[in-house]
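K.L.:
Sending over coords_8.cif (mmCIF, C-alpha atoms).
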```
data_input
loop_
_atom_site.label_atom_id
_atom_site.label_comp_id
_atom_site.auth_asym_id
_atom_site.auth_seq_id
_atom_site.Cartn_x
_atom_site.Cartn_y
_atom_site.Cartn_z
CA MET A 1 160.22 120.45 104.72
CA ALA A 2 159.98 123.22 107.33
CA THR A 3 160.08 122.40 111.03
CA ILE A 4 159.17 124.16 114.24
CA PHE A 5 162.87 125.03 114.62
CA ASP A 6 162.78 126.99 111.33
CA ILE A 7 159.81 129.01 112.54
CA ALA A 8 161.49 129.78 115.88
CA ASN A 9 164.68 130.95 114.14
CA LYS A 10 162.86 133.21 111.68
CA VAL A 11 160.55 134.77 114.28
CA GLY A 12 163.29 135.05 116.90
CA VAL A 13 161.47 133.27 119.71
CA SER A 14 161.91 130.00 121.56
CA ILE A 15 160.63 126.66 120.28
CA SER A 16 158.33 126.53 123.31
CA THR A 17 156.76 129.87 122.36
CA VAL A 18 156.16 128.66 118.80
CA SER A 19 154.57 125.47 120.07
CA ARG A 20 152.29 127.31 122.49
CA ALA A 21 151.31 129.84 119.83
CA LEU A 22 150.41 127.12 117.34
CA ASN A 23 148.38 125.27 119.96
CA GLY A 24 146.36 128.32 121.03
CA TYR A 25 147.65 128.81 124.56
CA SER A 26 146.45 132.03 126.18
CA ASP A 27 149.83 133.06 127.62
CA VAL A 28 151.26 133.99 124.20
CA GLY A 29 150.87 137.62 123.15
CA GLU A 30 148.61 138.28 120.17
CA GLN A 31 151.35 139.98 118.12
CA THR A 32 153.72 137.07 118.70
CA ARG A 33 150.96 134.59 117.85
CA GLN A 34 150.25 136.38 114.56
CA ARG A 35 153.95 136.45 113.62
CA VAL A 36 154.26 132.74 114.34
CA MET A 37 151.13 131.88 112.33
CA GLU A 38 152.20 134.04 109.37
CA THR A 39 155.68 132.51 109.36
CA ALA A 40 154.22 129.00 109.52
CA ARG A 41 152.12 129.79 106.46
CA GLU A 42 155.09 131.29 104.62
CA LEU A 43 157.18 128.19 105.30
CA ASN A 44 154.29 125.91 104.43
CA TYR A 45 154.55 124.30 107.87
CA TYR A 46 151.82 121.90 108.99
CA PRO A 47 152.20 120.37 112.47
CA SER A 48 151.69 116.67 112.89
CA ALA A 49 148.34 116.15 114.58
CA VAL A 50 149.55 112.90 116.13
CA ALA A 51 152.77 114.41 117.47
CA ARG A 52 150.93 117.44 118.81
CA SER A 53 148.38 115.27 120.59
CA LEU A 54 151.12 113.21 122.24
CA GLN A 55 153.04 116.32 123.23
CA VAL A 56 150.18 118.13 124.94
CA LYS A 57 148.29 114.98 125.95
CA ARG A 58 145.23 116.06 124.02
CA SER A 59 142.97 114.46 121.45
CA ASN A 60 142.14 117.76 119.70
CA THR A 61 138.57 116.49 119.64
CA ILE A 62 135.48 117.88 121.31
CA ALA A 63 132.15 116.14 121.75
CA PHE A 64 128.69 117.50 121.01
CA ALA A 65 126.22 115.85 123.38
CA PRO A 66 122.52 116.38 122.68
CA LEU A 67 119.67 114.12 123.71
CA VAL A 68 118.59 113.52 120.12
CA ARG A 69 116.31 110.57 120.79
CA GLN A 70 114.19 112.61 123.17
CA HIS A 71 113.36 115.62 121.00
CA VAL A 72 112.11 114.60 117.59
CA GLU A 73 110.48 118.02 117.19
CA SER A 74 113.84 119.84 117.09
CA GLU A 75 115.96 117.46 115.01
CA PRO A 76 116.05 119.78 111.95
CA PHE A 77 117.45 122.57 114.12
CA PHE A 78 120.14 120.35 115.58
CA LYS A 79 121.16 119.04 112.18
CA GLU A 80 121.78 122.62 111.07
CA PHE A 81 123.45 123.46 114.39
CA VAL A 82 125.84 120.48 114.21
CA GLY A 83 126.91 121.47 110.70
CA LEU A 84 127.85 124.99 111.77
CA LEU A 85 129.49 123.73 114.96
CA ALA A 86 131.64 121.34 112.93
CA LEU A 87 132.78 124.24 110.69
CA SER A 88 133.58 126.37 113.73
CA ALA A 89 135.54 123.52 115.31
CA PHE A 90 137.47 123.02 112.05
CA LYS A 91 138.56 126.67 112.14
CA HIS A 92 140.13 125.94 115.52
CA ASN A 93 141.82 122.73 114.31
CA LEU A 94 139.43 120.61 116.33
CA SER A 95 137.49 117.50 115.36
CA LEU A 96 133.87 117.08 116.40
CA LEU A 97 132.48 113.88 117.88
CA ALA A 98 128.77 113.20 118.44
CA LEU A 99 128.11 111.79 121.90
CA VAL A 100 124.62 110.31 122.17
CA ALA A 101 123.42 107.83 124.77
CA GLU A 102 120.88 105.23 123.63
CA SER A 103 118.72 105.95 126.68
CA PRO A 104 118.75 108.16 129.80
CA ALA A 105 119.88 105.15 131.83
CA GLU A 106 123.03 104.87 129.71
CA THR A 107 123.97 108.55 129.92
CA GLU A 108 126.19 108.29 133.00
CA GLU A 109 127.96 105.19 131.68
CA VAL A 110 128.69 106.84 128.32
CA TYR A 111 130.01 110.05 129.89
CA ARG A 112 132.22 108.19 132.36
CA GLU A 113 133.68 106.05 129.56
CA VAL A 114 134.48 109.12 127.44
CA ALA A 115 136.03 110.94 130.39
CA GLY A 116 138.18 107.95 131.32
CA SER A 117 139.33 107.17 127.78
CA GLY A 118 140.62 110.66 127.00
CA ARG A 119 138.95 110.53 123.59
CA VAL A 120 137.77 114.14 123.91
CA ASP A 121 139.21 117.29 125.43
CA GLY A 122 135.87 118.89 126.20
CA ILE A 123 132.12 118.53 125.77
CA ILE A 124 129.36 120.82 124.52
CA LEU A 125 126.11 119.76 126.18
CA ALA A 126 122.74 120.41 124.52
CA ASP A 127 119.07 119.78 125.28
CA ILE A 128 119.51 121.14 128.77
CA ARG A 129 116.75 120.09 131.18
CA PRO A 130 115.40 122.35 133.95
CA GLU A 131 117.27 120.01 136.32
CA ASP A 132 120.05 118.32 134.39
CA ASP A 133 122.14 115.65 136.13
CA ARG A 134 124.81 115.87 133.42
CA ILE A 135 126.00 119.20 134.84
CA SER A 136 126.96 117.75 138.22
CA LEU A 137 128.27 114.57 136.59
CA LEU A 138 130.77 116.45 134.40
CA HIS A 139 131.80 118.57 137.38
CA GLU A 140 132.47 115.33 139.27
CA LEU A 141 134.45 113.85 136.37
CA GLY A 142 136.53 117.01 135.97
CA VAL A 143 135.70 117.30 132.27
CA SER A 144 135.84 120.71 130.58
CA PHE A 145 132.39 121.51 129.23
CA VAL A 146 130.05 124.27 128.10
CA ALA A 147 126.26 123.94 127.94
CA PHE A 148 124.14 125.16 125.06
CA GLY A 149 121.19 126.09 127.24
CA ARG A 150 120.70 126.57 130.98
CA THR A 151 119.02 124.87 133.89
CA SER A 152 116.28 126.58 135.89
CA ASP A 153 118.73 127.17 138.75
CA TYR A 154 121.63 128.39 136.58
CA ALA A 155 122.09 131.53 138.67
CA SER A 156 123.13 129.50 141.71
CA LEU A 157 125.37 127.05 139.81
CA ALA A 158 128.89 127.76 138.61
CA TYR A 159 128.89 126.24 135.14
CA PRO A 160 129.48 127.80 131.71
CA PHE A 161 126.67 128.12 129.20
CA VAL A 162 125.56 129.87 126.04
CA ASP A 163 121.83 130.25 125.56
CA VAL A 164 119.38 132.07 123.33
CA ASP A 165 116.76 134.26 125.03
CA SER A 166 113.80 132.22 123.78
CA ALA A 167 111.27 134.04 125.95
CA ALA A 168 112.32 137.37 124.39
CA GLY A 169 111.90 135.85 120.93
CA ILE A 170 108.30 134.82 121.59
CA ARG A 171 107.55 138.18 123.20
CA ALA A 172 108.74 139.86 119.98
CA VAL A 173 106.39 137.61 117.98
CA MET A 174 103.47 138.47 120.26
CA HIS A 175 104.20 142.19 120.09
CA HIS A 176 104.19 142.00 116.28
CA LEU A 177 100.92 140.06 116.16
CA ARG A 178 99.20 142.42 118.60
CA GLY A 179 100.39 145.30 116.46
CA GLN A 180 98.64 143.63 113.52
CA GLY A 181 95.39 143.55 115.49
CA HIS A 182 95.39 139.90 116.63
CA GLU A 183 93.81 139.36 120.04
CA ARG A 184 92.93 135.65 120.03
CA ILE A 185 96.30 133.95 119.70
CA ALA A 186 96.88 130.21 120.06
CA TYR A 187 100.12 128.54 121.09
CA LEU A 188 101.27 125.14 119.80
CA GLY A 189 104.41 123.84 121.46
CA SER A 190 106.73 120.89 121.85
CA PRO A 191 107.05 118.85 125.10
CA LEU A 192 107.88 121.00 128.12
CA ASN A 193 110.88 118.87 129.10
CA THR A 194 113.67 121.19 127.90
CA THR A 195 114.46 124.64 129.21
CA TYR A 196 114.13 126.25 125.79
CA ALA A 197 110.59 124.88 125.34
CA ILE A 198 109.63 126.13 128.79
CA ASP A 199 111.17 129.55 128.11
CA ARG A 200 109.27 129.95 124.83
CA TYR A 201 105.96 129.18 126.48
CA ARG A 202 106.92 131.50 129.35
CA GLY A 203 107.41 134.30 126.81
CA PHE A 204 103.89 133.63 125.47
CA CYS A 205 102.38 133.77 128.97
CA GLN A 206 104.34 136.92 129.84
CA SER A 207 102.98 138.66 126.76
CA LEU A 208 99.40 137.68 127.55
CA ALA A 209 99.83 139.00 131.11
CA GLU A 210 101.22 142.26 129.72
CA TYR A 211 98.05 142.67 127.64
CA GLY A 212 95.82 141.74 130.57
CA VAL A 213 94.74 138.45 128.98
CA GLU A 214 94.51 135.13 130.81
CA VAL A 215 95.89 131.94 129.27
CA ASN A 216 93.07 130.00 127.61
CA ASP A 217 93.65 126.26 127.96
CA HIS A 218 91.77 125.69 124.70
CA LEU A 219 94.31 127.85 122.86
CA ALA A 220 97.51 126.38 124.33
CA VAL A 221 98.58 122.86 123.28
CA HIS A 222 101.86 121.19 124.26
CA ALA A 223 103.77 117.93 123.71
CA LEU A 224 103.42 118.14 119.92
CA GLN A 225 106.04 116.36 117.83
CA GLU A 226 104.64 114.54 114.82
CA PRO A 227 102.75 116.28 111.95
CA GLN A 228 99.60 114.27 112.66
CA GLU A 229 99.62 115.52 116.27
CA VAL A 230 99.85 119.10 115.01
CA ALA A 231 97.06 118.48 112.50
CA ALA A 232 94.81 117.15 115.28
CA ALA A 233 95.56 120.21 117.43
CA VAL A 234 94.73 122.59 114.57
CA ASP A 235 91.51 120.67 113.86
CA ARG A 236 90.47 121.19 117.49
CA LEU A 237 91.16 124.92 117.24
CA LEU A 238 89.05 125.16 114.10
CA ARG A 239 86.13 123.40 115.82
CA LEU A 240 85.94 126.09 118.52
CA PRO A 241 82.98 128.49 118.31
CA GLY A 242 83.63 131.29 115.84
CA ARG A 243 84.30 134.00 118.43
CA GLU A 244 86.78 131.72 120.22
CA GLN A 245 88.78 130.61 117.19
CA PRO A 246 92.28 132.11 117.05
CA THR A 247 93.23 134.60 114.37
CA ALA A 248 96.92 133.77 114.89
CA ILE A 249 98.85 130.61 115.79
CA VAL A 250 102.26 130.89 117.44
CA THR A 251 104.42 127.75 117.39
CA ASP A 252 107.68 127.11 119.20
CA GLY A 253 109.43 125.65 116.16
CA ASP A 254 109.48 125.96 112.36
CA ARG A 255 108.77 122.25 111.98
CA LEU A 256 105.50 122.63 113.88
CA ALA A 257 104.68 125.79 111.94
CA ALA A 258 105.14 123.96 108.62
CA ALA A 259 102.67 121.31 109.76
CA VAL A 260 100.21 124.05 110.78
CA LEU A 261 100.45 125.65 107.31
CA THR A 262 99.82 122.28 105.64
CA THR A 263 96.77 121.59 107.80
CA LEU A 264 95.28 125.05 107.23
CA GLU A 265 95.76 124.66 103.49
CA GLU A 266 93.94 121.33 103.60
CA HIS A 267 91.03 123.14 105.28
CA GLY A 268 91.05 125.83 102.61
CA ILE A 269 92.08 128.52 105.09
CA ALA A 270 94.27 131.32 103.73
CA VAL A 271 97.32 132.41 105.74
CA GLY A 272 99.06 135.75 105.69
CA PRO A 273 98.06 139.15 104.25
CA GLY A 274 94.37 139.17 103.52
CA GLY A 275 94.03 135.67 104.96
CA GLN A 276 92.08 134.37 107.91
CA VAL A 277 94.98 133.26 110.15
CA ALA A 278 98.57 134.32 110.85
CA VAL A 279 101.19 131.67 111.66
CA THR A 280 104.67 132.05 113.20
CA GLY A 281 107.57 129.70 113.92
CA PHE A 282 110.88 129.68 115.78
CA ASP A 283 114.47 128.91 114.63
CA ASP A 284 114.40 130.23 111.01
CA LEU A 285 115.53 126.93 109.57
CA ALA A 286 116.67 126.84 105.95
CA PHE A 287 113.23 125.85 104.62
CA ALA A 288 111.29 128.60 106.45
CA ALA A 289 111.74 131.21 103.73
CA TYR A 290 110.50 128.78 101.05
CA LEU A 291 107.22 127.74 102.64
CA ARG A 292 103.99 129.07 101.14
CA PRO A 293 103.53 131.64 102.41
CA PRO A 294 107.10 132.29 103.63
CA LEU A 295 107.23 131.82 107.40
CA THR A 296 107.46 134.65 109.91
CA THR A 297 109.77 133.24 112.56
CA VAL A 298 112.44 133.91 115.17
CA ARG A 299 116.00 133.52 113.96
CA GLN A 300 118.43 131.96 116.38
CA PRO A 301 122.00 133.24 115.95
CA ILE A 302 123.37 129.73 115.41
CA ALA A 303 126.76 130.74 113.98
CA THR A 304 127.30 133.17 116.86
CA ALA A 305 126.25 130.50 119.35
CA CYS A 306 128.78 128.02 117.93
CA GLU A 307 131.64 130.51 118.00
CA THR A 308 130.73 131.67 121.49
CA LEU A 309 130.57 128.11 122.81
CA LEU A 310 134.06 127.45 121.46
CA SER A 311 135.38 130.78 122.74
CA LEU A 312 134.41 129.61 126.24
CA LEU A 313 135.46 125.98 125.89
CA ILE A 314 138.86 126.27 124.15
CA PRO A 315 140.58 128.39 126.85
CA LYS A 316 139.37 125.93 129.48
CA ILE A 317 140.86 123.07 127.47
CA ASN A 318 144.14 124.84 126.78
CA SER A 319 144.93 126.18 130.19
CA LYS A 320 142.21 124.87 132.54
CA GLN A 321 141.46 128.55 133.07
CA ALA A 322 138.66 128.95 135.60
CA HIS A 323 137.06 131.96 133.93
CA PRO A 324 138.04 132.43 130.27
CA GLU A 325 138.16 136.01 129.07
CA PHE A 326 135.13 136.84 126.96
CA ALA A 327 134.20 140.11 125.28
CA ALA A 328 130.46 140.60 124.82
CA GLY A 329 129.47 142.01 121.44
CA GLU A 330 126.25 143.18 119.81
CA GLY A 331 123.34 140.91 120.63
CA ILE A 332 125.31 139.17 123.39
CA VAL A 333 124.57 139.61 127.09
CA GLN A 334 127.00 138.26 129.66
CA VAL A 335 125.00 137.19 132.72
CA GLY A 336 127.95 135.59 134.54
CA PRO A 337 131.72 135.04 134.13
CA GLU A 338 131.05 132.11 131.81
CA GLN A 339 127.33 132.54 131.18
CA VAL A 340 126.21 134.18 127.95
CA LEU A 341 122.73 135.00 126.65
CA LEU A 342 122.21 135.67 122.93
CA GLU A 343 119.42 137.81 121.52
CA PRO A 344 117.28 136.25 118.75
CA GLU A 345 115.86 138.21 115.81
CA LEU A 346 112.26 138.42 114.60
CA VAL A 347 112.10 137.74 110.84
CA ILE A 348 108.84 138.99 109.35
CA ARG A 349 107.59 137.23 106.22
CA GLY A 350 104.28 136.53 104.53
CA SER A 351 102.70 134.14 107.05
CA ALA A 352 102.18 136.96 109.55
#
```
Now, as a test, write the supplied structure out as structure tokens.
P.N.:
Amino acid sequence: MATIFDIANKVGVSISTVSRALNGYSDVGEQTRQRVMETARELNYYPSAVARSLQVKRSNTIAFAPLVRQHVESEPFFKEFVGLLALSAFKHNLSLLALVAESPAETEEVYREVAGSGRVDGIILADIRPEDDRISLLHELGVSFVAFGRTSDYASLAYPFVDVDSAAGIRAVMHHLRGQGHERIAYLGSPLNTTYAIDRYRGFCQSLAEYGVEVNDHLAVHALQEPQEVAAAVDRLLRLPGREQPTAIVTDGDRLAAAVLTTLEEHGIAVGPGGQVAVTGFDDLAFAAYLRPPLTTVRQPIATACETLLSLLIPKINSKQAHPEFAAGEGIVQVGPEQVLLEPELVIRGSA
């Protein structure tokens, strides 16, 4: 059975260099790292996870920390997100732990316990609030973390995040609908207690302002989560006088959009080309393309988000580097040393 000594002898480097290359340290040259990895594969060498953890005082585990119990409307998205994040973590030889507090009151206790136990090397926060106490808490605890999302005052705070430009996604939807001749457009959204929900509604309002249209309170409904709540909101829209009824309904999530389609079908209202109403969603979840009609929606670059989150978190874990090197690619905007904004994509299908 091959050992780390065999790899060092064959590559012609020190044992320390082999160890640091295998563990992803940033001070090993890329050519040396590739030679070490190729030699390890040739020799069929697999490092002991237990021994490696003891050696570098790491758990090789990261935590994903959403506030699942507070956002029923986005659970399908996070289920898909967690699956892709787990695959990305696996590629980096990391395990993924879900970190969920039973209630907001227990959040601080849970985070302090995890930080003190050393069970995880870093944390990926999600469900970021406009003012999120978890940011300052993790700074205080000295835990490496990256946020999936941003607070309202992110520009003045030095914390790493990856976010999707939700406002731009909704503006793209509105531009498409206006191009199709829709002028009375309703907005159905989830609770405005997360930054992404606020940003999506902000994109809607920005578009209306651009077209010189004021927000109509009758056409904007928030705090929707359950299908029956969506159905009630659609019923209210349909009871408006004919000239005030919307010809298009924008939602801030595919789950809400699916409920809208179901309700319109129950009312005998056709959706899509030649129909009476256009409907759009957000997220492009797996089921969106299979709805009837297929859903026009905004695709979040989930795989890119997962890889980008890890590309920021892993260097901080490995070397406690203050500002990990990051190369922005297509569809990625770097707004700070550790702050990245991803561009979503409008996916046009039959519902609009």
K.L.:
Given the PyMOL selection byres ((chain A and resi 220-235) around 7) and the file above, list the residues it selects as a VMD selection string.
P.N.:
chain A and resid 72 to 73 186 to 192 216 to 219 236 to 239 256 259 to 260 263
K.L.:
Of the candidates A:Asp199, A:Leu342, A:Ala101, A:Thr308, which one gets nearest to Ala89 of chain A if we count only C-alpha atoms?
P.N.:
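Smallest separation from Ala89 of chain A among the options: A:Thr308.
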K.L.:
Can you list, as an MDAnalysis selection string, the residues that the PyMOL selection byres ((chain A and resi 298) around 6) selects here?
P.N.:
chainID A and resid 282:284 297 299 345:347
K.L.:
Identify the residues around (155.1, 133.8, 114.9) within a radius of 10 Å, measuring from only C-alpha atoms in the coordinates stated by the file, and give them as a ChimeraX atom specification.
P.N.:
/A:7-8,10-13,17-19,21-22,30-41
K.L.:
Expand the PyMOL selection byres ((chain A and resi 310-314) around 8) into the individual residues it matches in the shown file, reporting them as JSON, numbers by chain.
P.N.:
{"A": [88, 89, 122, 144, 145, 146, 160, 306, 307, 308, 309, 315, 316, 317, 318, 324, 325, 326, 338]}
K.L.:
Skip Val279 of chain A itself and residues of its chain fewer than 5 positions away, then list as a list in words all residues within 9 Å of it, counting all atoms listed in the file.
P.N.:
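The residues satisfying every condition are Thr247, Ala248, Ile249, Val250, Thr251, Ala257, Val260, Leu261, Val271, Gly272, Leu295, Thr296, Thr297, Ser351 and Ala352 of chain A.
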K.L.:
For atom CA of Asp121 of chain A and atom CA of Val100 of chain A, quote the distance in Å rounded to one decimal.
P.N.:
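Taking atom CA of Asp121 of chain A and atom CA of Val100 of chain A, their separation equals 16.5 Å.
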K.L.:
In Å, how far is it from atom CA of Val173 of chain A to atom CA of Phe204 of chain A?
P.N.:
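Value for the atom CA of Val173 of chain A-atom CA of Phe204 of chain A distance: 8.8 Å.
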K.L.:
Which distance in Å separates atom CA of Leu67 of chain A and atom CA of Tyr290 of chain A, to one decimal?
P.N.:
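Separation between atom CA of Leu67 of chain A and atom CA of Tyr290 of chain A: 28.5 Å.
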K.L.:
Which residue out of A:Leu96, A:Arg349, A:Ala167, A:Leu240 has the minimum interatomic distance to Ser207 of chain A when only C-alpha atoms are used?
P.N.:
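Checking each candidate against Ser207 of chain A, we get A:Ala167 as the closest.
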K.L.:
Might you pull out every residue within 9 Å of segment 124-138 of chain A, with all atoms listed in the file counted and same-chain residues fewer than 5 positions away left off, and present them as a ChimeraX atom specification?
P.N.:
/A:62-68,70-71,107-108,111-112,115,143-153,159,161,193-196,198,309-310,313
K.L.:
Using all atoms listed in the file, which residues sit within 12 Å of Ala209 of chain A once same-chain residues fewer than 6 positions away are excluded, as a list in words?
P.N.:
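Residues near the query, excluding close chain neighbours: Arg171, Met174, Arg202, Gly203, Val215 and Asn216 of chain A.
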K.L.:
Output the selection as an mmCIF file, keeping the file's coordinate frame - C-alpha atoms for each residue.
P.N.:
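And here's part-v2.cif as it stands now:
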```cif
data_model
loop_
_atom_site.group_PDB
_atom_site.id
_atom_site.type_symbol
_atom_site.label_atom_id
_atom_site.label_comp_id
_atom_site.auth_asym_id
_atom_site.auth_seq_id
_atom_site.Cartn_x
_atom_site.Cartn_y
_atom_site.Cartn_z
ATOM 1 C CA ARG A 171 107.550 138.180 123.200
ATOM 2 C CA MET A 174 103.470 138.470 120.260
ATOM 3 C CA ARG A 202 106.920 131.500 129.350
ATOM 4 C CA GLY A 203 107.410 134.300 126.810
ATOM 5 C CA VAL A 215 95.890 131.940 129.270
ATOM 6 C CA ASN A 216 93.070 130.000 127.610
#
```
K.L.:
Looking at only C-alpha atoms, which of A:Pro301, A:Asp165, A:Gly268, A:Leu291 is the one that sits closest to Leu341 of chain A?
P.N.:
A:Asp165
